[in-house]
Amino acid sequence: MNYLGIAALLNSHQPAFSLAQPFYTSDEILNFEWQYIWQKNWLLAGNTAQIPRPGDYFIYNLQKDAIIIIRGNKGEVYAHYNTCAHRGSAICLEQKGNAAKLICPYHQWVYDKDGTLLNARMMPDDFCKEKFNLRSVHTAVVEGLIFICLTEDAPDFSLIKKSLAPYLIPYKINEAKVVAIKNYTLKANWKLVAENFREYYHCGGAHPEYCSAVISANLREDRLTQFWEITGEQDGQLCENNFRRIETNGYHPGPYAPVEDLVINFVEWCVEEMRIGLEVG
């Protein structure tokens, strides 16, 4: 599918309706979204509770890219591509850990936590280390949440910070400790997952445990992890079931309910970002 095909689909989109089938199934549109949505906006990568000490790091994976999120000596948060500037080897081979220095396991080039190349052994005397630092990406932290942006000209983060901070302050994420991390791999388009957690229209029939907890307000601390595992697995099944039927000839865009207003906002935002991508592309 070329740009003209994407433009035609965008022009055919009816506001307050779900997207046409190719927006959920086409590899070409997914690649277009990667270029003009994922790489040009701020992405939530994790939280500071995951890296409490200097040298603590974790790897944030998306598409073929892997980003090292690492805590600096003075509490800073740095983010670099997990790619050595020598010949492209992965530097961190584990998904999380602690590193006083970032050392490439292939030829032992040594980098500081901020990405500065400290040592490139056996290189000539006139070798300019300053030209071969790790490729870093933009970072921003708001009340313990870590965001990164892959584009060189990152959009303004101040509005995001202003809108999130009042809601995050009570949780004191900077003082929190990680109890459990769960990763879910779903056979579904990413937008369906984003749509799912932006509406509660489905909760009555799909999440009886959630509704019971909200009504009785008796969710104990020792049940929190179990509760969210159950709810997460239910949402995963809903998204996969949704995607399987979208793939069929029986699917046509349908109208969102008024209570799905956040989903409408999200879908329209995606459409607008893709339209902007067509203009600049």
# chains A, B, ... in the order shown; residues from 1 in each chain; ligands from 1

$ residues_around --residues "range 157-174 of chain A" --least-positions-apart "2" --cutoff "10 Å" --atoms "only C-alpha atoms" --output "list in words"
Asn41, Trp42, Asn47, Thr48, Ala49, Gln50, Ile51, Pro52, Thr139, Ala140, Val141, Val142, Glu143, Gly144, Leu145, Phe147, Cys149, Ala154, Pro155, Ala176, Lys177 and Val178 of chain A

$ write_last_selection --atoms "all heavy atoms" --output "compact mmCIF listing (two decimals), in the first residue's frame"
# COMPACT_ATOMS: atom_id res chain seq x y z
N ASN A 41 6.74 10.74 18.94
CA ASN A 41 6.03 11.16 20.14
C ASN A 41 6.71 10.59 21.39
O ASN A 41 7.54 9.68 21.30
CB ASN A 41 4.57 10.70 20.09
CG ASN A 41 3.75 11.49 19.09
OD1 ASN A 41 3.35 12.62 19.36
ND2 ASN A 41 3.48 10.90 17.93
N TRP A 42 6.38 11.13 22.53
CA TRP A 42 6.91 10.64 23.80
C TRP A 42 6.28 9.30 24.14
O TRP A 42 5.07 9.12 24.01
CB TRP A 42 6.63 11.66 24.91
CG TRP A 42 7.46 12.90 24.80
CD1 TRP A 42 7.10 14.09 24.26
CD2 TRP A 42 8.82 13.06 25.25
NE1 TRP A 42 8.15 14.99 24.33
CE2 TRP A 42 9.20 14.39 24.94
CE3 TRP A 42 9.74 12.22 25.88
CZ2 TRP A 42 10.47 14.88 25.24
CZ3 TRP A 42 11.00 12.71 26.18
CH2 TRP A 42 11.36 14.02 25.87
N ASN A 47 9.50 3.18 34.92
CA ASN A 47 9.44 4.09 36.06
C ASN A 47 10.73 4.02 36.86
O ASN A 47 11.50 3.05 36.76
CB ASN A 47 8.22 3.80 36.93
CG ASN A 47 8.26 2.42 37.55
OD1 ASN A 47 9.02 2.19 38.51
ND2 ASN A 47 7.46 1.50 37.03
N THR A 48 10.97 5.04 37.66
CA THR A 48 12.23 5.15 38.38
C THR A 48 12.39 4.08 39.46
O THR A 48 13.51 3.82 39.90
CB THR A 48 12.36 6.54 39.02
OG1 THR A 48 11.19 6.82 39.82
CG2 THR A 48 12.50 7.62 37.95
N ALA A 49 11.30 3.48 39.89
CA ALA A 49 11.41 2.40 40.88
C ALA A 49 12.14 1.19 40.29
O ALA A 49 12.67 0.36 41.04
CB ALA A 49 10.01 1.98 41.35
N GLN A 50 12.20 1.09 38.98
CA GLN A 50 12.92 -0.01 38.34
C GLN A 50 14.43 0.17 38.38
O GLN A 50 15.18 -0.79 38.21
CB GLN A 50 12.46 -0.15 36.88
CG GLN A 50 11.01 -0.57 36.71
CD GLN A 50 10.59 -0.53 35.25
OE1 GLN A 50 9.92 0.39 34.81
NE2 GLN A 50 10.99 -1.54 34.49
N ILE A 51 14.88 1.42 38.58
CA ILE A 51 16.32 1.71 38.58
C ILE A 51 16.66 2.61 39.77
O ILE A 51 17.05 3.76 39.59
CB ILE A 51 16.77 2.35 37.24
CG1 ILE A 51 15.82 3.51 36.85
CG2 ILE A 51 16.80 1.30 36.13
CD1 ILE A 51 16.30 4.29 35.63
N PRO A 52 16.55 2.10 40.99
CA PRO A 52 16.75 2.96 42.16
C PRO A 52 18.19 3.37 42.42
O PRO A 52 18.43 4.43 42.99
CB PRO A 52 16.22 2.09 43.31
CG PRO A 52 16.38 0.68 42.83
CD PRO A 52 16.13 0.73 41.35
N THR A 139 15.03 11.98 27.05
CA THR A 139 14.35 11.44 28.23
C THR A 139 13.65 12.57 28.97
O THR A 139 14.06 13.72 28.93
CB THR A 139 15.34 10.76 29.20
OG1 THR A 139 16.30 11.73 29.65
CG2 THR A 139 16.06 9.60 28.53
N ALA A 140 12.58 12.22 29.65
CA ALA A 140 11.87 13.14 30.53
C ALA A 140 11.25 12.31 31.65
O ALA A 140 10.76 11.20 31.41
CB ALA A 140 10.79 13.91 29.77
N VAL A 141 11.30 12.82 32.86
CA VAL A 141 10.75 12.12 34.01
C VAL A 141 9.72 13.01 34.68
O VAL A 141 9.97 14.18 34.96
CB VAL A 141 11.86 11.74 35.02
CG1 VAL A 141 11.26 11.03 36.23
CG2 VAL A 141 12.92 10.87 34.36
N VAL A 142 8.55 12.44 34.94
CA VAL A 142 7.51 13.18 35.65
C VAL A 142 7.01 12.31 36.79
O VAL A 142 6.43 11.24 36.56
CB VAL A 142 6.36 13.62 34.72
CG1 VAL A 142 5.81 12.46 33.91
CG2 VAL A 142 5.25 14.28 35.51
N GLU A 143 7.30 12.73 38.01
CA GLU A 143 6.86 12.05 39.23
C GLU A 143 7.11 10.54 39.16
O GLU A 143 6.26 9.74 39.54
CB GLU A 143 5.38 12.34 39.49
CG GLU A 143 5.07 13.80 39.71
CD GLU A 143 5.82 14.37 40.92
OE1 GLU A 143 6.06 13.63 41.87
OE2 GLU A 143 6.17 15.58 40.87
N GLY A 144 8.28 10.16 38.68
CA GLY A 144 8.67 8.76 38.67
C GLY A 144 8.43 8.01 37.38
O GLY A 144 8.97 6.92 37.18
N LEU A 145 7.64 8.55 36.48
CA LEU A 145 7.42 7.89 35.19
C LEU A 145 8.47 8.37 34.20
O LEU A 145 8.73 9.56 34.07
CB LEU A 145 6.02 8.20 34.65
CG LEU A 145 4.83 7.65 35.43
CD1 LEU A 145 3.54 7.87 34.64
CD2 LEU A 145 5.00 6.18 35.77
N PHE A 147 9.78 8.77 30.40
CA PHE A 147 9.38 8.87 29.01
C PHE A 147 10.61 9.04 28.13
O PHE A 147 11.60 9.66 28.54
CB PHE A 147 8.44 10.06 28.79
CG PHE A 147 7.09 9.90 29.41
CD1 PHE A 147 6.90 10.16 30.76
CD2 PHE A 147 6.00 9.50 28.66
CE1 PHE A 147 5.65 10.02 31.34
CE2 PHE A 147 4.75 9.35 29.22
CZ PHE A 147 4.57 9.61 30.58
N CYS A 149 11.82 9.78 23.80
CA CYS A 149 11.38 10.18 22.46
C CYS A 149 12.52 9.88 21.49
O CYS A 149 13.66 10.28 21.73
CB CYS A 149 11.00 11.65 22.43
SG CYS A 149 10.31 12.18 20.84
N ALA A 154 12.42 16.47 19.60
CA ALA A 154 11.33 15.98 20.44
C ALA A 154 10.28 17.06 20.66
O ALA A 154 10.62 18.23 20.85
CB ALA A 154 11.87 15.51 21.79
N PRO A 155 9.00 16.69 20.64
CA PRO A 155 7.95 17.69 20.93
C PRO A 155 8.02 18.15 22.38
O PRO A 155 8.61 17.49 23.23
CB PRO A 155 6.66 16.92 20.64
CG PRO A 155 7.02 15.48 20.76
CD PRO A 155 8.45 15.36 20.33
N ALA A 176 8.72 4.14 45.62
CA ALA A 176 8.13 2.80 45.52
C ALA A 176 9.19 1.73 45.29
O ALA A 176 10.33 2.02 44.93
CB ALA A 176 7.10 2.78 44.39
N LYS A 177 8.82 0.49 45.51
CA LYS A 177 9.65 -0.66 45.20
C LYS A 177 8.88 -1.58 44.26
O LYS A 177 7.68 -1.78 44.41
CB LYS A 177 10.04 -1.42 46.47
CG LYS A 177 10.95 -0.64 47.40
CD LYS A 177 11.36 -1.48 48.60
CE LYS A 177 12.31 -0.70 49.51
NZ LYS A 177 12.71 -1.50 50.69
N VAL A 178 9.59 -2.15 43.29
CA VAL A 178 8.95 -3.04 42.32
C VAL A 178 8.66 -4.39 42.99
O VAL A 178 9.56 -5.03 43.53
CB VAL A 178 9.84 -3.24 41.08
CG1 VAL A 178 9.20 -4.25 40.13
CG2 VAL A 178 10.06 -1.91 40.37

$ residues_around --residues "range 27-40 of chain A" --least-positions-apart "3" --cutoff "10 Å" --atoms "only C-alpha atoms" --output "number ranges by chain"
A: 1-3, 5-6, 22-24, 43, 62-63, 148-155, 189-190, 269-271, 273-278, 280-281

$ atom_distance --atom1 "CA of Glu247 in chain A" --atom2 "CA of Ala20 in chain A"
10.8 Å

$ atom_distance --atom1 "CA of Ile246 in chain A" --atom2 "CA of Gln14 in chain A"
17.1 Å

$ residues_around --residues "Val263 in chain A" --least-positions-apart "2" --cutoff "6 Å" --atoms "only C-alpha atoms" --output "list of chain:residue names"
A:Glu195, A:Arg198, A:Glu260, A:Asp261, A:Asn265, A:Phe266

$ write_last_selection --atoms "N, CA and C atoms" --output "tab-separated table (two decimals), in the first residue's frame"
chain	number	residue	atom	x	y	z
A	195	GLU	N	-7.34	1.12	22.71
A	195	GLU	CA	-8.76	1.40	22.79
A	195	GLU	C	-9.39	0.73	24.01
A	198	ARG	N	-9.08	2.47	27.35
A	198	ARG	CA	-9.62	3.83	27.38
A	198	ARG	C	-11.13	3.86	27.57
A	260	GLU	N	-17.68	5.90	25.18
A	260	GLU	CA	-16.37	5.58	24.63
A	260	GLU	C	-15.68	6.82	24.07
A	261	ASP	N	-15.93	7.96	24.70
A	261	ASP	CA	-15.41	9.22	24.19
A	261	ASP	C	-13.88	9.26	24.19
A	265	ASN	N	-11.42	9.99	21.00
A	265	ASN	CA	-10.32	10.95	21.02
A	265	ASN	C	-9.02	10.31	20.55
A	266	PHE	N	-8.76	9.09	21.02
A	266	PHE	CA	-7.54	8.39	20.64
A	266	PHE	C	-7.51	8.07	19.15
